[in-house]
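> Input: one structure, supplied below.
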Amino acid sequence: MATSASASLSKTIKQQYMELPQGDKVQAMYIWVDGTGEGLRCKTRTLDFEPKSIKELPEWNFDGSSTYQAEGSNSDMYLIPAAMFRDPFRKDPNKLVLCEVQKYNRKPAETNLRIKCKKVMEMVADQHPWFGMEQEYTILGTDGHPFGWPSNGFPGPQGPYYCGVGADKAYGRDIVEAHYRACLYAGVNICGTNAEVMPAQWEFQIGLCEGIEMGDHLWVARFILHRVCEDFGVVASFDPKPIPGNWNGAGCHTNFSTKEMREEDGLKAIEDSIEKLGKRHEYHIRAYDPKGGLDNARRLTGRHETSNIHEFSAGVANRGASIRIPRSVGQEKRGYFEDRRPSANCDPYSVTEALIRTCLLNEEGEEPTDY
């Protein structure tokens, strides 16, 4: 399996330099979503102090013509710090800084979906929307071949790999463990992880997060995963169907609740929301992957624990439905529901915003309301 050339560089030699004192300076790595709506970019600046809040961080800029976000003749873009985390790679007092992107005229870049999401979340703050997202991904070599798969063939059929243990069942656990610990160090709300149905496919769960924090924490968790994979010389893919054929795809199942849903007899509010979602299926499909549903069309086939992309369905404990109500929620008559439609490469700001618009702001039709 092909790994990157940089993975063969001596990490022991690098560690000698990383242990050098840095004085009273702080390294802040600014992170942003590029023009693809999927890729992440980053660069580092030195600060003369350790920032204690996001308000203390300065704005910055970058060349948008090299990130699919601007033309070369007018390429300056602004980085607006939005969320701050501890840096698990350089360690304290250094920081990871998730940023919004603004264009030269101070309007949000096309792939800056955070700004609208934040506005919508503020409109329903009194309903305390909680989210948890289950991020599936596949570990690949730099040649695009799944990690641990035979070079000229396939592993055994699906069955023994989900939550599997053993060298013949779990492919790449070192990456999973490193990512988990790095997220905990950073302050990301990671709540679990497991091996998935397809070999070399894994999942981590982010939550509980309220409002805009869901998107912030998932994007930073993705960034940390990419950086961990970089150190190991492999690639983390969020493609919703990385291997065609009789293999599971990758999604980002989204669990959602409000204060009303979590209270006694909240099942009524859950059922009301599901009814609203059923009337707006196409809008949600467009919001649930960065290509307006084209990526998810390869995954949502009605097979491999998915619903059909053209049909809306819901059921208790049904993993072949668009919306799953957990059995415990059906029994206790309160809690949350799981939207199983979002793709692994979705933008969490887009997904959570769409749920709020339909379920809490009672929007109808195929286009979002402009507030």
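Here, A, B, ... name the chains of the structure tokens in the order displayed, residue numbers run from 1 inside each chain, and ligands are numbered from 1 in the same displayed order.
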Give me, as a Markdown table, the closest atom pair and its distance (Å, one decimal) for every residue of region 234-352 of chain A within a cut-off of 8 Å of region 123-127 of chain A, counting only C-alpha atoms, rows sorted by chain and rising number.

| residue | atom | partner | partner_atom | distance |
| --- | --- | --- | --- | --- |
| A:Thr258 | CA | A:Gln127 | CA | 5.8 |
| A:Lys259 | CA | A:Gln127 | CA | 5.5 |
| A:Glu260 | CA | A:Gln127 | CA | 7.4 |
> Please provide the set of residues having any atom within 6 Å of region 341-348 of chain A, restricted to only C-alpha atoms, with same-chain residues fewer than 6 positions apart removed, written as a list in words.
Glu136, Gly215, Phe238, Pro240, Ala250, Gly251, Cys252, Tyr288, Asp289, Pro290, Asn296 and Ser322 of chain A
> How would the residues just picked look written out with N, CA, C and O atoms as a JSON list (two decimals), in the first residue's frame?

[["chain", "number", "residue", "atom", "x", "y", "z"],
["A", 136, "GLU", "N", -18.58, 9.01, 9.65],
["A", 136, "GLU", "CA", -17.92, 7.84, 9.07],
["A", 136, "GLU", "C", -16.83, 8.29, 8.10],
["A", 136, "GLU", "O", -16.97, 9.33, 7.44],
["A", 215, "GLY", "N", -21.27, 22.37, 14.27],
["A", 215, "GLY", "CA", -20.44, 22.53, 13.09],
["A", 215, "GLY", "C", -18.99, 22.82, 13.43],
["A", 215, "GLY", "O", -18.07, 22.27, 12.81],
["A", 238, "PHE", "N", -13.73, 11.12, 3.14],
["A", 238, "PHE", "CA", -15.12, 11.27, 3.53],
["A", 238, "PHE", "C", -16.06, 11.04, 2.34],
["A", 238, "PHE", "O", -17.23, 11.42, 2.39],
["A", 240, "PRO", "N", -18.78, 9.53, 0.22],
["A", 240, "PRO", "CA", -19.92, 8.74, 0.70],
["A", 240, "PRO", "C", -20.01, 7.33, 0.12],
["A", 240, "PRO", "O", -20.76, 6.50, 0.64],
["A", 250, "ALA", "N", -20.47, 5.70, 3.29],
["A", 250, "ALA", "CA", -20.13, 6.44, 4.50],
["A", 250, "ALA", "C", -21.07, 7.63, 4.66],
["A", 250, "ALA", "O", -21.21, 8.44, 3.75],
["A", 251, "GLY", "N", -21.68, 7.71, 5.82],
["A", 251, "GLY", "CA", -22.61, 8.80, 6.08],
["A", 251, "GLY", "C", -22.17, 9.64, 7.27],
["A", 251, "GLY", "O", -21.08, 9.48, 7.82],
["A", 252, "CYS", "N", -23.06, 10.55, 7.65],
["A", 252, "CYS", "CA", -22.83, 11.38, 8.83],
["A", 252, "CYS", "C", -24.19, 11.53, 9.53],
["A", 252, "CYS", "O", -24.79, 12.60, 9.54],
["A", 288, "TYR", "N", -27.65, 18.14, 2.16],
["A", 288, "TYR", "CA", -26.94, 17.10, 2.91],
["A", 288, "TYR", "C", -25.67, 16.58, 2.25],
["A", 288, "TYR", "O", -25.06, 15.64, 2.75],
["A", 289, "ASP", "N", -25.29, 17.14, 1.11],
["A", 289, "ASP", "CA", -23.94, 16.89, 0.61],
["A", 289, "ASP", "C", -23.50, 18.11, -0.21],
["A", 289, "ASP", "O", -24.34, 18.89, -0.67],
["A", 290, "PRO", "N", -22.19, 18.33, -0.35],
["A", 290, "PRO", "CA", -21.71, 19.57, -0.97],
["A", 290, "PRO", "C", -21.99, 19.70, -2.45],
["A", 290, "PRO", "O", -21.79, 20.76, -3.02],
["A", 296, "ASN", "N", -24.54, 11.92, -2.63],
["A", 296, "ASN", "CA", -25.38, 11.01, -1.85],
["A", 296, "ASN", "C", -26.14, 10.02, -2.73],
["A", 296, "ASN", "O", -26.53, 8.95, -2.27],
["A", 322, "SER", "N", -35.14, 6.91, 6.27],
["A", 322, "SER", "CA", -34.54, 8.25, 6.25],
["A", 322, "SER", "C", -34.34, 8.75, 7.68],
["A", 322, "SER", "O", -33.29, 9.32, 8.01]]
> From the list A:Glu196, A:Glu311, A:Glu122, A:Glu134, which residue is nearest Gln158 (chain A) when using only C-alpha atoms?
A:Glu196
> May I have the residues within 9 Å of Glu305 (chain A) as JSON, numbers by chain, using only C-alpha atoms and disregarding those fewer than 6 positions away in the same chain?
{"A": [248, 249, 318, 319, 320, 321]}
> Filtering to N, CA, C and O atoms, could you give me those residues as a PDB file, in the first residue's frame?

ATOM      1  N   ASN A 248     -20.537  -1.094   2.151  1.00  0.00           N
ATOM      2  CA  ASN A 248     -21.255   0.036   2.746  1.00  0.00           C
ATOM      3  C   ASN A 248     -20.625   1.373   2.358  1.00  0.00           C
ATOM      4  O   ASN A 248     -19.409   1.483   2.220  1.00  0.00           O
ATOM      5  N   GLY A 249     -21.478   2.373   2.208  1.00  0.00           N
ATOM      6  CA  GLY A 249     -21.009   3.728   1.999  1.00  0.00           C
ATOM      7  C   GLY A 249     -20.703   4.389   3.333  1.00  0.00           C
ATOM      8  O   GLY A 249     -20.667   3.741   4.383  1.00  0.00           O
ATOM      9  N   ASN A 318     -35.264   1.475  12.704  1.00  0.00           N
ATOM     10  CA  ASN A 318     -35.130   1.056  11.298  1.00  0.00           C
ATOM     11  C   ASN A 318     -33.947   1.774  10.658  1.00  0.00           C
ATOM     12  O   ASN A 318     -34.016   2.969  10.370  1.00  0.00           O
ATOM     13  N   ARG A 319     -32.851   1.026  10.410  1.00  0.00           N
ATOM     14  CA  ARG A 319     -31.668   1.631   9.803  1.00  0.00           C
ATOM     15  C   ARG A 319     -31.754   1.699   8.281  1.00  0.00           C
ATOM     16  O   ARG A 319     -30.818   2.134   7.627  1.00  0.00           O
ATOM     17  N   GLY A 320     -32.873   1.297   7.732  1.00  0.00           N
ATOM     18  CA  GLY A 320     -33.110   1.459   6.301  1.00  0.00           C
ATOM     19  C   GLY A 320     -34.064   2.609   6.012  1.00  0.00           C
ATOM     20  O   GLY A 320     -34.538   2.765   4.886  1.00  0.00           O
ATOM     21  N   ALA A 321     -34.320   3.434   7.012  1.00  0.00           N
ATOM     22  CA  ALA A 321     -35.244   4.567   6.871  1.00  0.00           C
ATOM     23  C   ALA A 321     -34.478   5.876   6.792  1.00  0.00           C
ATOM     24  O   ALA A 321     -33.323   5.973   7.195  1.00  0.00           O
TER      25      ALA A 321
END
> So that I can see what lies close to Tyr171 (chain A), please list as a list of chain:residue names the residues with an atom at most 10 Å from it, counting only C-alpha atoms and leaving out residues fewer than 3 positions away in the same chain.
A:Ile139, A:Pro146, A:Phe147, A:Gly148, A:Trp149, A:Tyr161, A:Gly164, A:Val165, A:Gly166, A:Ala167, A:Asp168, A:Asp174, A:Ile175, A:Val176, A:Ala195, A:Met198, A:Pro199, A:Ala200, A:Gln201, A:Trp202
> Go ahead and write the selection's residues with N, CA, C and O atoms as a PDB file, in the first residue's frame.

ATOM      1  N   ILE A 139     -10.073   4.916   5.639  1.00  0.00           N
ATOM      2  CA  ILE A 139      -8.623   5.132   5.587  1.00  0.00           C
ATOM      3  C   ILE A 139      -8.096   4.567   4.275  1.00  0.00           C
ATOM      4  O   ILE A 139      -8.312   3.390   3.965  1.00  0.00           O
ATOM      5  N   PRO A 146      -7.933   1.204  -0.287  1.00  0.00           N
ATOM      6  CA  PRO A 146      -8.259   1.131   1.145  1.00  0.00           C
ATOM      7  C   PRO A 146      -7.140   0.495   1.959  1.00  0.00           C
ATOM      8  O   PRO A 146      -6.535  -0.502   1.541  1.00  0.00           O
ATOM      9  N   PHE A 147      -6.890   1.072   3.113  1.00  0.00           N
ATOM     10  CA  PHE A 147      -5.814   0.613   3.995  1.00  0.00           C
ATOM     11  C   PHE A 147      -6.037  -0.844   4.394  1.00  0.00           C
ATOM     12  O   PHE A 147      -7.111  -1.221   4.857  1.00  0.00           O
ATOM     13  N   GLY A 148      -5.013  -1.665   4.211  1.00  0.00           N
ATOM     14  CA  GLY A 148      -5.070  -3.062   4.641  1.00  0.00           C
ATOM     15  C   GLY A 148      -5.704  -4.013   3.656  1.00  0.00           C
ATOM     16  O   GLY A 148      -5.675  -5.231   3.865  1.00  0.00           O
ATOM     17  N   TRP A 149      -6.307  -3.493   2.575  1.00  0.00           N
ATOM     18  CA  TRP A 149      -6.912  -4.381   1.580  1.00  0.00           C
ATOM     19  C   TRP A 149      -5.817  -5.019   0.723  1.00  0.00           C
ATOM     20  O   TRP A 149      -4.769  -4.403   0.484  1.00  0.00           O
ATOM     21  N   TYR A 161     -16.401  -7.118  10.525  1.00  0.00           N
ATOM     22  CA  TYR A 161     -15.584  -5.919  10.732  1.00  0.00           C
ATOM     23  C   TYR A 161     -16.219  -4.894  11.661  1.00  0.00           C
ATOM     24  O   TYR A 161     -15.515  -4.182  12.377  1.00  0.00           O
ATOM     25  N   GLY A 164     -15.227  -4.685  15.169  1.00  0.00           N
ATOM     26  CA  GLY A 164     -14.380  -5.866  15.214  1.00  0.00           C
ATOM     27  C   GLY A 164     -13.096  -5.660  16.016  1.00  0.00           C
ATOM     28  O   GLY A 164     -12.635  -4.542  16.223  1.00  0.00           O
ATOM     29  N   VAL A 165     -12.525  -6.778  16.442  1.00  0.00           N
ATOM     30  CA  VAL A 165     -11.267  -6.791  17.185  1.00  0.00           C
ATOM     31  C   VAL A 165     -10.361  -7.835  16.550  1.00  0.00           C
ATOM     32  O   VAL A 165     -10.809  -8.945  16.225  1.00  0.00           O
ATOM     33  N   GLY A 166      -9.095  -7.478  16.357  1.00  0.00           N
ATOM     34  CA  GLY A 166      -8.141  -8.420  15.780  1.00  0.00           C
ATOM     35  C   GLY A 166      -7.547  -7.886  14.493  1.00  0.00           C
ATOM     36  O   GLY A 166      -8.179  -7.101  13.771  1.00  0.00           O
ATOM     37  N   ALA A 167      -6.323  -8.322  14.205  1.00  0.00           N
ATOM     38  CA  ALA A 167      -5.589  -7.800  13.052  1.00  0.00           C
ATOM     39  C   ALA A 167      -6.271  -8.111  11.728  1.00  0.00           C
ATOM     40  O   ALA A 167      -6.063  -7.400  10.739  1.00  0.00           O
ATOM     41  N   ASP A 168      -7.090  -9.160  11.689  1.00  0.00           N
ATOM     42  CA  ASP A 168      -7.776  -9.518  10.454  1.00  0.00           C
ATOM     43  C   ASP A 168      -9.145  -8.856  10.335  1.00  0.00           C
ATOM     44  O   ASP A 168      -9.867  -9.087   9.363  1.00  0.00           O
ATOM     45  N   ASP A 174      -4.551   2.283  15.123  1.00  0.00           N
ATOM     46  CA  ASP A 174      -3.611   3.271  15.656  1.00  0.00           C
ATOM     47  C   ASP A 174      -4.045   4.689  15.309  1.00  0.00           C
ATOM     48  O   ASP A 174      -3.936   5.614  16.123  1.00  0.00           O
ATOM     49  N   ILE A 175      -4.548   4.868  14.099  1.00  0.00           N
ATOM     50  CA  ILE A 175      -5.008   6.187  13.654  1.00  0.00           C
ATOM     51  C   ILE A 175      -6.222   6.624  14.470  1.00  0.00           C
ATOM     52  O   ILE A 175      -6.326   7.771  14.911  1.00  0.00           O
ATOM     53  N   VAL A 176      -7.125   5.689  14.690  1.00  0.00           N
ATOM     54  CA  VAL A 176      -8.350   5.974  15.438  1.00  0.00           C
ATOM     55  C   VAL A 176      -8.024   6.395  16.871  1.00  0.00           C
ATOM     56  O   VAL A 176      -8.570   7.379  17.389  1.00  0.00           O
ATOM     57  N   ALA A 195     -15.205   0.742  14.872  1.00  0.00           N
ATOM     58  CA  ALA A 195     -14.953   0.242  13.528  1.00  0.00           C
ATOM     59  C   ALA A 195     -16.290   0.072  12.815  1.00  0.00           C
ATOM     60  O   ALA A 195     -17.289  -0.328  13.431  1.00  0.00           O
ATOM     61  N   MET A 198     -17.574  -1.771   6.658  1.00  0.00           N
ATOM     62  CA  MET A 198     -16.579  -2.066   5.630  1.00  0.00           C
ATOM     63  C   MET A 198     -15.187  -2.031   6.244  1.00  0.00           C
ATOM     64  O   MET A 198     -14.885  -1.123   7.026  1.00  0.00           O
ATOM     65  N   PRO A 199     -14.309  -2.986   5.934  1.00  0.00           N
ATOM     66  CA  PRO A 199     -12.949  -2.926   6.484  1.00  0.00           C
ATOM     67  C   PRO A 199     -12.216  -1.659   6.045  1.00  0.00           C
ATOM     68  O   PRO A 199     -12.333  -1.235   4.901  1.00  0.00           O
ATOM     69  N   ALA A 200     -11.485  -1.052   6.974  1.00  0.00           N
ATOM     70  CA  ALA A 200     -10.771   0.222   6.814  1.00  0.00           C
ATOM     71  C   ALA A 200     -11.712   1.417   6.947  1.00  0.00           C
ATOM     72  O   ALA A 200     -11.295   2.553   6.767  1.00  0.00           O
ATOM     73  N   GLN A 201     -12.973   1.156   7.285  1.00  0.00           N
ATOM     74  CA  GLN A 201     -13.942   2.231   7.521  1.00  0.00           C
ATOM     75  C   GLN A 201     -14.190   2.348   9.024  1.00  0.00           C
ATOM     76  O   GLN A 201     -14.351   1.336   9.713  1.00  0.00           O
ATOM     77  N   TRP A 202     -14.188   3.592   9.519  1.00  0.00           N
ATOM     78  CA  TRP A 202     -14.363   3.847  10.938  1.00  0.00           C
ATOM     79  C   TRP A 202     -15.368   4.968  11.142  1.00  0.00           C
ATOM     80  O   TRP A 202     -15.762   5.638  10.178  1.00  0.00           O
TER      81      TRP A 202
END
> In region 95-341 of chain A, what's strand (DSSP E) per DSSP? Answer as an MDAnalysis selection string?
chainID A and resid 95:102 130:140 190:195 201:210 235:237 252:257 314:316 323:325 337:339
> Please determine, counting only C-alpha atoms, which residue among A:Asp24, A:Asp87, A:Asp370, A:Asp272 has the shortest atom-to-atom distance to Arg181 (chain A).
A:Asp87
> From the list A:Asn362, A:Thr352, A:Asn74, A:Asn189, which residue is nearest Asp339 (chain A) when using only C-alpha atoms?
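Between A:Asn362, A:Thr352, A:Asn74, A:Asn189, the residue approaching Asp339 (chain A) most closely is A:Thr352.
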> Within 12 Å of Pro129 (chain A), counting only C-alpha atoms, which residues qualify if same-chain residues fewer than 6 places away don't, as a list in words?
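Listing them by chain and then by number gives Val120, Met121, Glu122, Met123, Gly207, Leu208, Cys209, Glu210, Gly211, Ile212, Glu213, Met214, Asn255, Phe256, Ser257, Thr258, Lys259, Glu260, Met261, Arg262, Gly335, Tyr336, Thr352, Glu353, Leu355, Ile356, Arg357, Cys359 and Leu360 of chain A.
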> Within 12 Å of region 32-55 of chain A, which residues of region 73-164 of chain A come that close, and what is the closest atom pair and distance in Å for each? Count only C-alpha atoms and give it as JSON lines.

{"residue": "A:Met77", "atom": "CA", "partner": "A:Asp34", "partner_atom": "CA", "distance": 11.1}
{"residue": "A:Tyr78", "atom": "CA", "partner": "A:Trp32", "partner_atom": "CA", "distance": 10.5}
{"residue": "A:Leu79", "atom": "CA", "partner": "A:Trp32", "partner_atom": "CA", "distance": 7.8}
{"residue": "A:Ile80", "atom": "CA", "partner": "A:Trp32", "partner_atom": "CA", "distance": 9.4}
{"residue": "A:Pro81", "atom": "CA", "partner": "A:Ile54", "partner_atom": "CA", "distance": 6.5}
{"residue": "A:Ala82", "atom": "CA", "partner": "A:Ile54", "partner_atom": "CA", "distance": 6.6}
{"residue": "A:Ala83", "atom": "CA", "partner": "A:Ile54", "partner_atom": "CA", "distance": 6.2}
{"residue": "A:Met84", "atom": "CA", "partner": "A:Ile54", "partner_atom": "CA", "distance": 6.2}
{"residue": "A:Phe85", "atom": "CA", "partner": "A:Ile54", "partner_atom": "CA", "distance": 9.7}
{"residue": "A:Arg86", "atom": "CA", "partner": "A:Pro51", "partner_atom": "CA", "distance": 10.7}
{"residue": "A:Asp87", "atom": "CA", "partner": "A:Thr44", "partner_atom": "CA", "distance": 11.5}
{"residue": "A:Arg90", "atom": "CA", "partner": "A:Thr44", "partner_atom": "CA", "distance": 11.4}
{"residue": "A:Asp92", "atom": "CA", "partner": "A:Glu50", "partner_atom": "CA", "distance": 9.3}
{"residue": "A:Pro93", "atom": "CA", "partner": "A:Glu50", "partner_atom": "CA", "distance": 6.4}
{"residue": "A:Asn94", "atom": "CA", "partner": "A:Glu50", "partner_atom": "CA", "distance": 7.6}
{"residue": "A:Lys95", "atom": "CA", "partner": "A:Pro51", "partner_atom": "CA", "distance": 8.4}
{"residue": "A:Leu96", "atom": "CA", "partner": "A:Thr44", "partner_atom": "CA", "distance": 9.1}
{"residue": "A:Val97", "atom": "CA", "partner": "A:Ile54", "partner_atom": "CA", "distance": 8.4}
{"residue": "A:Leu98", "atom": "CA", "partner": "A:Trp32", "partner_atom": "CA", "distance": 6.1}
{"residue": "A:Cys99", "atom": "CA", "partner": "A:Trp32", "partner_atom": "CA", "distance": 5.3}
{"residue": "A:Glu100", "atom": "CA", "partner": "A:Trp32", "partner_atom": "CA", "distance": 6.6}
{"residue": "A:Val101", "atom": "CA", "partner": "A:Trp32", "partner_atom": "CA", "distance": 7.0}
{"residue": "A:Gln102", "atom": "CA", "partner": "A:Trp32", "partner_atom": "CA", "distance": 10.8}
{"residue": "A:Lys103", "atom": "CA", "partner": "A:Gly35", "partner_atom": "CA", "distance": 11.7}
{"residue": "A:Pro108", "atom": "CA", "partner": "A:Gly35", "partner_atom": "CA", "distance": 11.9}
{"residue": "A:Ala109", "atom": "CA", "partner": "A:Gly35", "partner_atom": "CA", "distance": 8.2}
{"residue": "A:Glu110", "atom": "CA", "partner": "A:Gly35", "partner_atom": "CA", "distance": 7.4}
{"residue": "A:Thr111", "atom": "CA", "partner": "A:Gly37", "partner_atom": "CA", "distance": 5.3}
{"residue": "A:Asn112", "atom": "CA", "partner": "A:Val33", "partner_atom": "CA", "distance": 7.4}
{"residue": "A:Leu113", "atom": "CA", "partner": "A:Gly37", "partner_atom": "CA", "distance": 8.9}
{"residue": "A:Arg114", "atom": "CA", "partner": "A:Val33", "partner_atom": "CA", "distance": 10.2}
> Based on the selection just made, write N, CA and C atoms of those residues as a tab-separated table (two decimals), in the first residue's frame.

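For reference, part.tsv as written:
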chain	number	residue	atom	x	y	z
A	77	MET	N	-8.41	37.33	0.71
A	77	MET	CA	-9.59	36.90	1.48
A	77	MET	C	-9.27	37.09	2.96
A	78	TYR	N	-10.30	37.32	3.76
A	78	TYR	CA	-10.11	37.56	5.19
A	78	TYR	C	-10.46	36.31	6.01
A	79	LEU	N	-9.64	36.05	7.02
A	79	LEU	CA	-9.91	34.98	7.99
A	79	LEU	C	-10.40	35.61	9.28
A	80	ILE	N	-11.64	35.25	9.67
A	80	ILE	CA	-12.27	35.81	10.87
A	80	ILE	C	-12.34	34.70	11.92
A	81	PRO	N	-11.53	34.77	12.98
A	81	PRO	CA	-11.57	33.72	14.00
A	81	PRO	C	-12.97	33.50	14.55
A	82	ALA	N	-13.37	32.21	14.64
A	82	ALA	CA	-14.72	31.89	15.08
A	82	ALA	C	-14.76	30.95	16.28
A	83	ALA	N	-13.77	30.05	16.38
A	83	ALA	CA	-13.73	29.10	17.50
A	83	ALA	C	-12.28	28.72	17.76
A	84	MET	N	-11.94	28.51	19.01
A	84	MET	CA	-10.55	28.24	19.38
A	84	MET	C	-10.45	26.95	20.19
A	85	PHE	N	-9.41	26.17	19.90
A	85	PHE	CA	-9.17	24.90	20.58
A	85	PHE	C	-7.68	24.79	20.93
A	86	ARG	N	-7.37	23.92	21.89
A	86	ARG	CA	-5.97	23.62	22.20
A	86	ARG	C	-5.36	22.87	21.02
A	87	ASP	N	-4.08	23.05	20.79
A	87	ASP	CA	-3.39	22.39	19.67
A	87	ASP	C	-2.77	21.08	20.16
A	90	ARG	N	1.19	20.69	18.59
A	90	ARG	CA	2.24	21.53	19.19
A	90	ARG	C	2.09	21.65	20.70
A	92	ASP	N	0.08	22.80	24.43
A	92	ASP	CA	-0.09	24.11	25.09
A	92	ASP	C	1.23	24.87	25.12
A	93	PRO	N	1.15	26.21	24.96
A	93	PRO	CA	-0.03	27.08	24.94
A	93	PRO	C	-0.57	27.36	23.53
A	94	ASN	N	-0.18	26.54	22.55
A	94	ASN	CA	-0.51	26.81	21.16
A	94	ASN	C	-1.97	26.47	20.85
A	95	LYS	N	-2.50	27.08	19.80
A	95	LYS	CA	-3.94	27.01	19.55
A	95	LYS	C	-4.27	26.58	18.11
A	96	LEU	N	-5.44	25.96	17.98
A	96	LEU	CA	-6.09	25.77	16.69
A	96	LEU	C	-7.22	26.80	16.61
A	97	VAL	N	-7.32	27.50	15.49
A	97	VAL	CA	-8.32	28.56	15.36
A	97	VAL	C	-9.16	28.31	14.11
A	98	LEU	N	-10.41	27.92	14.30
A	98	LEU	CA	-11.33	27.74	13.18
A	98	LEU	C	-11.85	29.10	12.75
A	99	CYS	N	-11.82	29.38	11.45
A	99	CYS	CA	-12.16	30.72	10.94
A	99	CYS	C	-13.30	30.69	9.94
A	100	GLU	N	-14.06	31.76	9.93
A	100	GLU	CA	-14.95	32.06	8.80
A	100	GLU	C	-14.12	32.78	7.74
A	101	VAL	N	-14.59	32.70	6.49
A	101	VAL	CA	-13.89	33.35	5.38
A	101	VAL	C	-14.79	34.44	4.80
A	102	GLN	N	-14.20	35.64	4.65
A	102	GLN	CA	-14.89	36.75	4.00
A	102	GLN	C	-14.14	37.16	2.74
A	103	LYS	N	-14.89	37.63	1.75
A	103	LYS	CA	-14.30	38.09	0.49
A	103	LYS	C	-13.75	39.51	0.66
A	108	PRO	N	-19.58	37.15	3.06
A	108	PRO	CA	-19.10	35.79	3.30
A	108	PRO	C	-18.77	35.08	2.00
A	109	ALA	N	-17.70	34.29	2.01
A	109	ALA	CA	-17.35	33.47	0.86
A	109	ALA	C	-18.46	32.45	0.61
A	110	GLU	N	-18.52	31.94	-0.61
A	110	GLU	CA	-19.61	31.03	-0.99
A	110	GLU	C	-19.67	29.79	-0.09
A	111	THR	N	-18.52	29.31	0.34
A	111	THR	CA	-18.50	28.10	1.19
A	111	THR	C	-18.44	28.43	2.68
A	112	ASN	N	-18.62	29.69	3.04
A	112	ASN	CA	-18.74	30.08	4.45
A	112	ASN	C	-20.20	29.92	4.84
A	113	LEU	N	-20.58	28.70	5.18
A	113	LEU	CA	-21.97	28.41	5.54
A	113	LEU	C	-22.23	28.64	7.04
A	114	ARG	N	-21.17	28.95	7.76
A	114	ARG	CA	-21.32	29.14	9.20
A	114	ARG	C	-22.15	30.36	9.54
> Skipping near chain neighbours, those fewer than 5 positions away, what residues fall within 7 Å of Cys183 (chain A) using only C-alpha atoms, listed as a ChimeraX atom specification?
/A:188,190,221
